[in-house]
>>> print(open('my_file.cif').read())   # mmCIF, N, CA and C atoms
data_start
loop_
_atom_site.label_atom_id
_atom_site.label_comp_id
_atom_site.auth_asym_id
_atom_site.auth_seq_id
_atom_site.Cartn_x
_atom_site.Cartn_y
_atom_site.Cartn_z
N MET A 9 -60.44 -24.18 4.03
CA MET A 9 -60.96 -23.21 3.09
C MET A 9 -59.98 -22.05 2.95
N PHE A 10 -59.36 -21.65 4.06
CA PHE A 10 -58.40 -20.56 4.00
C PHE A 10 -57.22 -20.94 3.10
N LEU A 11 -56.77 -22.18 3.20
CA LEU A 11 -55.65 -22.64 2.39
C LEU A 11 -56.00 -22.57 0.89
N GLY A 12 -57.21 -22.96 0.54
CA GLY A 12 -57.63 -22.92 -0.86
C GLY A 12 -57.63 -21.50 -1.42
N TYR A 13 -58.20 -20.57 -0.67
CA TYR A 13 -58.21 -19.18 -1.14
C TYR A 13 -56.81 -18.59 -1.14
N GLY A 14 -56.00 -18.96 -0.18
CA GLY A 14 -54.62 -18.47 -0.15
C GLY A 14 -53.83 -18.94 -1.36
N LEU A 15 -53.97 -20.22 -1.70
CA LEU A 15 -53.28 -20.74 -2.88
C LEU A 15 -53.82 -20.14 -4.17
N PHE A 16 -55.14 -19.93 -4.21
CA PHE A 16 -55.73 -19.31 -5.40
C PHE A 16 -55.19 -17.89 -5.58
N GLY A 17 -55.14 -17.12 -4.50
CA GLY A 17 -54.59 -15.76 -4.57
C GLY A 17 -53.13 -15.75 -4.94
N TRP A 18 -52.37 -16.69 -4.37
CA TRP A 18 -50.94 -16.77 -4.70
C TRP A 18 -50.77 -17.09 -6.18
N GLY A 19 -51.57 -18.02 -6.69
CA GLY A 19 -51.48 -18.37 -8.10
C GLY A 19 -51.82 -17.21 -9.01
N LEU A 20 -52.85 -16.44 -8.65
CA LEU A 20 -53.23 -15.28 -9.47
C LEU A 20 -52.14 -14.23 -9.50
N ALA A 21 -51.37 -14.14 -8.43
CA ALA A 21 -50.29 -13.16 -8.39
C ALA A 21 -49.11 -13.56 -9.27
N HIS A 22 -49.06 -14.81 -9.69
CA HIS A 22 -47.91 -15.31 -10.45
C HIS A 22 -48.23 -15.64 -11.90
N VAL A 23 -49.33 -15.16 -12.40
CA VAL A 23 -49.69 -15.35 -13.82
C VAL A 23 -50.01 -13.99 -14.41
N PRO A 24 -49.98 -13.86 -15.74
CA PRO A 24 -50.35 -12.59 -16.37
C PRO A 24 -51.81 -12.22 -16.06
N ALA A 25 -52.11 -10.94 -16.19
CA ALA A 25 -53.44 -10.43 -15.86
C ALA A 25 -54.53 -11.09 -16.70
N SER A 26 -54.28 -11.35 -17.96
CA SER A 26 -55.31 -11.97 -18.81
C SER A 26 -55.62 -13.39 -18.34
N THR A 27 -54.60 -14.12 -17.92
CA THR A 27 -54.81 -15.47 -17.40
C THR A 27 -55.54 -15.43 -16.07
N ALA A 28 -55.20 -14.47 -15.21
CA ALA A 28 -55.86 -14.33 -13.92
C ALA A 28 -57.35 -14.02 -14.09
N THR A 29 -57.68 -13.20 -15.07
CA THR A 29 -59.08 -12.88 -15.34
C THR A 29 -59.84 -14.12 -15.78
N THR A 30 -59.25 -14.88 -16.68
CA THR A 30 -59.91 -16.09 -17.16
C THR A 30 -60.10 -17.09 -16.03
N LEU A 31 -59.09 -17.27 -15.20
CA LEU A 31 -59.20 -18.19 -14.07
C LEU A 31 -60.27 -17.72 -13.08
N SER A 32 -60.34 -16.43 -12.85
CA SER A 32 -61.34 -15.90 -11.92
C SER A 32 -62.76 -16.10 -12.45
N LEU A 33 -62.92 -16.04 -13.77
CA LEU A 33 -64.25 -16.27 -14.35
C LEU A 33 -64.64 -17.75 -14.29
N ARG A 34 -63.67 -18.64 -14.30
CA ARG A 34 -63.97 -20.07 -14.24
C ARG A 34 -64.25 -20.55 -12.82
N GLU A 35 -63.79 -19.84 -11.84
CA GLU A 35 -63.88 -20.30 -10.44
C GLU A 35 -65.31 -20.59 -9.99
N PRO A 36 -66.31 -19.74 -10.24
CA PRO A 36 -67.68 -20.07 -9.80
C PRO A 36 -68.26 -21.30 -10.50
N THR A 37 -67.91 -21.50 -11.76
CA THR A 37 -68.43 -22.68 -12.45
C THR A 37 -67.81 -23.95 -11.90
N VAL A 38 -66.52 -23.91 -11.61
CA VAL A 38 -65.86 -25.08 -11.01
C VAL A 38 -66.45 -25.37 -9.64
N ALA A 39 -66.70 -24.32 -8.86
CA ALA A 39 -67.28 -24.51 -7.53
C ALA A 39 -68.67 -25.15 -7.62
N ALA A 40 -69.47 -24.72 -8.58
CA ALA A 40 -70.81 -25.31 -8.73
C ALA A 40 -70.74 -26.77 -9.14
N VAL A 41 -69.85 -27.10 -10.07
CA VAL A 41 -69.71 -28.49 -10.50
C VAL A 41 -69.17 -29.35 -9.37
N LEU A 42 -68.21 -28.84 -8.60
CA LEU A 42 -67.70 -29.59 -7.45
C LEU A 42 -68.78 -29.80 -6.40
N ALA A 43 -69.66 -28.82 -6.21
CA ALA A 43 -70.75 -28.98 -5.25
C ALA A 43 -71.67 -30.13 -5.68
N VAL A 44 -71.87 -30.28 -6.98
CA VAL A 44 -72.70 -31.38 -7.47
C VAL A 44 -71.97 -32.71 -7.29
N LEU A 45 -70.69 -32.75 -7.65
CA LEU A 45 -69.94 -34.00 -7.61
C LEU A 45 -69.59 -34.44 -6.19
N VAL A 46 -69.17 -33.50 -5.36
CA VAL A 46 -68.68 -33.85 -4.02
C VAL A 46 -69.81 -33.92 -3.00
N ARG A 47 -70.68 -32.93 -3.01
CA ARG A 47 -71.72 -32.85 -1.98
C ARG A 47 -73.07 -33.39 -2.42
N GLY A 48 -73.20 -33.72 -3.68
CA GLY A 48 -74.45 -34.27 -4.16
C GLY A 48 -75.56 -33.25 -4.32
N GLU A 49 -75.21 -31.97 -4.43
CA GLU A 49 -76.24 -30.94 -4.61
C GLU A 49 -76.83 -31.04 -6.01
N ARG A 50 -78.02 -30.51 -6.15
CA ARG A 50 -78.71 -30.53 -7.44
C ARG A 50 -78.85 -29.10 -7.94
N LEU A 51 -78.51 -28.91 -9.20
CA LEU A 51 -78.62 -27.59 -9.81
C LEU A 51 -79.80 -27.59 -10.78
N PRO A 52 -80.56 -26.49 -10.79
CA PRO A 52 -81.64 -26.38 -11.78
C PRO A 52 -81.07 -26.28 -13.20
N LEU A 53 -81.90 -26.56 -14.16
CA LEU A 53 -81.48 -26.54 -15.57
C LEU A 53 -80.92 -25.18 -15.98
N LEU A 54 -81.51 -24.11 -15.47
CA LEU A 54 -81.03 -22.77 -15.83
C LEU A 54 -79.59 -22.54 -15.36
N ARG A 55 -79.22 -23.08 -14.22
CA ARG A 55 -77.84 -22.92 -13.75
C ARG A 55 -76.87 -23.73 -14.60
N TRP A 56 -77.30 -24.94 -15.01
CA TRP A 56 -76.46 -25.72 -15.91
C TRP A 56 -76.27 -24.98 -17.23
N ALA A 57 -77.31 -24.32 -17.71
CA ALA A 57 -77.21 -23.54 -18.95
C ALA A 57 -76.23 -22.38 -18.77
N GLY A 58 -76.27 -21.75 -17.61
CA GLY A 58 -75.32 -20.67 -17.32
C GLY A 58 -73.89 -21.17 -17.28
N ILE A 59 -73.69 -22.33 -16.66
CA ILE A 59 -72.34 -22.91 -16.61
C ILE A 59 -71.86 -23.23 -18.03
N ALA A 60 -72.73 -23.80 -18.85
CA ALA A 60 -72.36 -24.11 -20.23
C ALA A 60 -72.03 -22.85 -21.01
N LEU A 61 -72.79 -21.80 -20.78
CA LEU A 61 -72.54 -20.53 -21.47
C LEU A 61 -71.18 -19.95 -21.07
N VAL A 62 -70.87 -19.94 -19.78
CA VAL A 62 -69.58 -19.41 -19.31
C VAL A 62 -68.43 -20.24 -19.88
N VAL A 63 -68.53 -21.56 -19.79
CA VAL A 63 -67.47 -22.42 -20.30
C VAL A 63 -67.33 -22.27 -21.82
N GLY A 64 -68.44 -22.18 -22.53
CA GLY A 64 -68.39 -22.00 -23.98
C GLY A 64 -67.74 -20.68 -24.38
N CYS A 65 -68.12 -19.62 -23.71
CA CYS A 65 -67.55 -18.30 -24.03
C CYS A 65 -66.06 -18.26 -23.72
N LEU A 66 -65.65 -18.84 -22.59
CA LEU A 66 -64.23 -18.85 -22.25
C LEU A 66 -63.44 -19.72 -23.22
N THR A 67 -64.04 -20.78 -23.72
CA THR A 67 -63.37 -21.63 -24.70
C THR A 67 -63.18 -20.89 -26.01
N VAL A 68 -64.21 -20.20 -26.46
CA VAL A 68 -64.09 -19.41 -27.69
C VAL A 68 -63.05 -18.32 -27.50
N HIS A 69 -63.06 -17.66 -26.37
CA HIS A 69 -62.09 -16.60 -26.09
C HIS A 69 -60.67 -17.16 -26.10
N HIS A 70 -60.48 -18.34 -25.55
CA HIS A 70 -59.14 -18.92 -25.45
C HIS A 70 -58.62 -19.36 -26.82
N HIS A 71 -59.49 -19.81 -27.70
CA HIS A 71 -59.06 -20.35 -28.99
C HIS A 71 -59.17 -19.35 -30.14
N ARG A 72 -59.46 -18.11 -29.87
CA ARG A 72 -59.54 -17.14 -30.96
C ARG A 72 -58.13 -16.80 -31.44
N PRO A 73 -57.98 -16.41 -32.71
CA PRO A 73 -56.66 -16.05 -33.21
C PRO A 73 -56.16 -14.77 -32.56
N GLN A 74 -54.90 -14.76 -32.23
CA GLN A 74 -54.30 -13.59 -31.59
C GLN A 74 -53.89 -12.58 -32.66
N PRO A 75 -54.12 -11.28 -32.43
CA PRO A 75 -53.70 -10.28 -33.41
C PRO A 75 -52.18 -10.21 -33.48
N GLN A 76 -51.67 -9.89 -34.66
CA GLN A 76 -50.23 -9.74 -34.84
C GLN A 76 -49.79 -8.44 -34.20
N ARG A 77 -48.69 -8.49 -33.50
CA ARG A 77 -48.15 -7.27 -32.90
C ARG A 77 -47.37 -6.51 -33.95
N ARG A 78 -47.59 -5.21 -33.99
CA ARG A 78 -46.88 -4.38 -34.95
C ARG A 78 -45.54 -3.99 -34.39
N ARG A 79 -44.57 -3.98 -35.26
CA ARG A 79 -43.25 -3.50 -34.86
C ARG A 79 -43.26 -1.99 -34.95
N PRO A 80 -42.50 -1.33 -34.08
CA PRO A 80 -42.43 0.12 -34.19
C PRO A 80 -41.82 0.50 -35.53
N GLY A 81 -42.38 1.46 -36.16
CA GLY A 81 -41.85 1.88 -37.45
C GLY A 81 -42.85 2.75 -38.16
N ARG A 82 -42.76 2.72 -39.47
CA ARG A 82 -43.62 3.55 -40.28
C ARG A 82 -45.00 2.92 -40.44
N ALA A 83 -45.93 3.67 -40.99
CA ALA A 83 -47.30 3.19 -41.14
C ALA A 83 -47.40 2.00 -42.08
N ASP A 84 -46.45 1.89 -43.03
CA ASP A 84 -46.50 0.76 -43.97
C ASP A 84 -45.85 -0.49 -43.39
N GLY A 85 -45.39 -0.45 -42.14
CA GLY A 85 -44.85 -1.62 -41.47
C GLY A 85 -43.36 -1.78 -41.57
N ARG A 86 -42.71 -0.96 -42.44
CA ARG A 86 -41.26 -1.06 -42.56
C ARG A 86 -40.61 -0.31 -41.40
N PRO A 87 -39.50 -0.83 -40.89
CA PRO A 87 -38.84 -0.14 -39.78
C PRO A 87 -38.22 1.17 -40.23
N THR A 88 -38.15 2.11 -39.34
CA THR A 88 -37.50 3.38 -39.65
C THR A 88 -36.00 3.21 -39.50
N SER A 89 -35.25 3.91 -40.31
CA SER A 89 -33.80 3.85 -40.17
C SER A 89 -33.35 4.97 -39.25
N SER A 90 -32.17 4.84 -38.72
CA SER A 90 -31.67 5.86 -37.80
C SER A 90 -31.39 7.16 -38.55
N ARG A 91 -31.07 7.09 -39.85
CA ARG A 91 -30.78 8.31 -40.61
C ARG A 91 -32.04 9.16 -40.78
N SER A 92 -33.20 8.53 -41.02
CA SER A 92 -34.41 9.32 -41.19
C SER A 92 -34.78 10.02 -39.89
N THR A 93 -34.54 9.35 -38.76
CA THR A 93 -34.78 9.97 -37.47
C THR A 93 -33.81 11.11 -37.25
N CYS A 94 -32.56 10.89 -37.65
CA CYS A 94 -31.53 11.91 -37.47
C CYS A 94 -31.87 13.14 -38.32
N ARG A 95 -32.33 12.94 -39.55
CA ARG A 95 -32.66 14.05 -40.44
C ARG A 95 -33.81 14.88 -39.88
N SER A 96 -34.81 14.18 -39.31
CA SER A 96 -35.95 14.94 -38.82
C SER A 96 -35.59 15.75 -37.59
N ARG A 97 -34.64 15.31 -36.80
CA ARG A 97 -34.26 16.04 -35.59
C ARG A 97 -33.32 17.21 -35.88
N THR A 98 -32.40 17.00 -36.83
CA THR A 98 -31.37 18.02 -37.03
C THR A 98 -31.53 18.79 -38.31
N GLY A 99 -32.57 18.53 -39.05
CA GLY A 99 -32.78 19.24 -40.29
C GLY A 99 -31.92 18.69 -41.42
N GLY A 100 -31.43 17.46 -41.29
CA GLY A 100 -30.68 16.83 -42.36
C GLY A 100 -29.19 16.83 -42.12
N ASN A 101 -28.71 17.41 -41.08
CA ASN A 101 -27.26 17.45 -40.82
C ASN A 101 -26.92 16.49 -39.70
N CYS A 102 -26.51 15.27 -40.03
CA CYS A 102 -26.16 14.29 -39.01
C CYS A 102 -24.67 14.20 -38.84
#
>>> encode(input="my_file.cif", output="structure tokens")
Amino acid sequence: MFLGYGLFGWGLAHVPASTATTLSLREPTVAAVLAVLVRGERLPLLRWAGIALVVGCLTVHHHRPQPQRRRPGRADGRPTSSRSTCRSRTGGNC
């Protein structure tokens, strides 16, 4: 058991924070399903519904469109030129 948690912690340290969060949210559902498959435990219907809800929400979260990153620049999206920056700092004398 110590080896499993050690490897899980090591893996979380080597992935981005968003991936670590998603993996941490999946861990209890995987543990419950493994308990059913490996140990033969029985889960009530409400717990299966909870597992389905967690898996469904994480799937929707994973497949949602990612927002476009804005490039630094002006409000209209065009990049600023070095001359406009120079003018604003020196009053127009570059």
>>> atom_distance(input="my_file.cif", atom1="atom CA of A:His70", atom2="atom CA of A:Val23")
15.4 Å
>>> residues_around(input="my_file.cif", residues="A:Pro36", least_positions_apart="6", cutoff="10 Å", atoms="only C-alpha atoms", output="ChimeraX atom specification")
/A:42,59,62
>>> closest_residue(input="my_file.cif", among="A:Ala39, A:Leu33, A:Leu53, A:Val46", to="A:Leu66", atoms="only C-alpha atoms")
A:Leu33
>>> atom_distance(input="my_file.cif", atom1="atom CA of A:Gly64", atom2="atom CA of A:Ala28")
17.8 Å
>>> atom_distance(input="my_file.cif", atom1="atom CA of A:Val63", atom2="atom C of A:Thr29")
12.1 Å
>>> decode(input="my_file.cif", residues="stretch 50-72 of chain A", atoms="N, CA and C atoms", output="mmCIF file, in the first residue's frame")
data_model
loop_
_atom_site.group_PDB
_atom_site.id
_atom_site.type_symbol
_atom_site.label_atom_id
_atom_site.label_comp_id
_atom_site.auth_asym_id
_atom_site.auth_seq_id
_atom_site.Cartn_x
_atom_site.Cartn_y
_atom_site.Cartn_z
ATOM 1 N N ARG A 50 -19.894 -5.184 -2.693
ATOM 2 C CA ARG A 50 -21.115 -4.739 -3.361
ATOM 3 C C ARG A 50 -21.369 -3.284 -2.985
ATOM 4 N N LEU A 51 -21.665 -2.490 -3.999
ATOM 5 C CA LEU A 51 -21.961 -1.079 -3.772
ATOM 6 C C LEU A 51 -23.457 -0.846 -3.960
ATOM 7 N N PRO A 52 -24.041 -0.007 -3.101
ATOM 8 C CA PRO A 52 -25.454 0.347 -3.300
ATOM 9 C C PRO A 52 -25.629 1.178 -4.574
ATOM 10 N N LEU A 53 -26.839 1.224 -5.058
ATOM 11 C CA LEU A 53 -27.149 1.945 -6.292
ATOM 12 C C LEU A 53 -26.762 3.423 -6.207
ATOM 13 N N LEU A 54 -26.943 4.026 -5.043
ATOM 14 C CA LEU A 54 -26.600 5.442 -4.886
ATOM 15 C C LEU A 54 -25.105 5.682 -5.082
ATOM 16 N N ARG A 55 -24.272 4.764 -4.650
ATOM 17 C CA ARG A 55 -22.823 4.931 -4.849
ATOM 18 C C ARG A 55 -22.450 4.767 -6.313
ATOM 19 N N TRP A 56 -23.111 3.826 -7.010
ATOM 20 C CA TRP A 56 -22.862 3.697 -8.437
ATOM 21 C C TRP A 56 -23.280 4.971 -9.167
ATOM 22 N N ALA A 57 -24.375 5.585 -8.734
ATOM 23 C CA ALA A 57 -24.825 6.848 -9.337
ATOM 24 C C ALA A 57 -23.792 7.948 -9.096
ATOM 25 N N GLY A 58 -23.219 7.972 -7.899
ATOM 26 C CA GLY A 58 -22.174 8.949 -7.600
ATOM 27 C C GLY A 58 -20.939 8.746 -8.453
ATOM 28 N N ILE A 59 -20.553 7.484 -8.642
ATOM 29 C CA ILE A 59 -19.399 7.186 -9.493
ATOM 30 C C ILE A 59 -19.679 7.637 -10.925
ATOM 31 N N ALA A 60 -20.879 7.352 -11.418
ATOM 32 C CA ALA A 60 -21.242 7.770 -12.775
ATOM 33 C C ALA A 60 -21.238 9.283 -12.909
ATOM 34 N N LEU A 61 -21.710 9.968 -11.883
ATOM 35 C CA LEU A 61 -21.727 11.436 -11.905
ATOM 36 C C LEU A 61 -20.305 12.003 -11.950
ATOM 37 N N VAL A 62 -19.412 11.477 -11.113
ATOM 38 C CA VAL A 62 -18.024 11.953 -11.098
ATOM 39 C C VAL A 62 -17.355 11.690 -12.442
ATOM 40 N N VAL A 63 -17.499 10.472 -12.963
ATOM 41 C CA VAL A 63 -16.880 10.134 -14.241
ATOM 42 C C VAL A 63 -17.472 10.984 -15.371
ATOM 43 N N GLY A 64 -18.777 11.183 -15.361
ATOM 44 C CA GLY A 64 -19.416 12.008 -16.385
ATOM 45 C C GLY A 64 -18.948 13.452 -16.347
ATOM 46 N N CYS A 65 -18.880 14.018 -15.162
ATOM 47 C CA CYS A 65 -18.432 15.411 -15.031
ATOM 48 C C CYS A 65 -16.975 15.570 -15.453
ATOM 49 N N LEU A 66 -16.124 14.626 -15.068
ATOM 50 C CA LEU A 66 -14.720 14.711 -15.466
ATOM 51 C C LEU A 66 -14.558 14.524 -16.969
ATOM 52 N N THR A 67 -15.406 13.710 -17.575
ATOM 53 C CA THR A 67 -15.349 13.533 -19.026
ATOM 54 C C THR A 67 -15.759 14.810 -19.743
ATOM 55 N N VAL A 68 -16.823 15.431 -19.284
ATOM 56 C CA VAL A 68 -17.258 16.701 -19.883
ATOM 57 C C VAL A 68 -16.172 17.756 -19.691
ATOM 58 N N HIS A 69 -15.592 17.811 -18.519
ATOM 59 C CA HIS A 69 -14.528 18.785 -18.244
ATOM 60 C C HIS A 69 -13.330 18.551 -19.161
ATOM 61 N N HIS A 70 -12.994 17.302 -19.397
ATOM 62 C CA HIS A 70 -11.821 16.981 -20.215
ATOM 63 C C HIS A 70 -12.050 17.308 -21.685
ATOM 64 N N HIS A 71 -13.275 17.157 -22.171
ATOM 65 C CA HIS A 71 -13.555 17.344 -23.591
ATOM 66 C C HIS A 71 -14.135 18.717 -23.931
ATOM 67 N N ARG A 72 -14.157 19.626 -22.999
ATOM 68 C CA ARG A 72 -14.678 20.961 -23.314
ATOM 69 C C ARG A 72 -13.655 21.722 -24.157
#
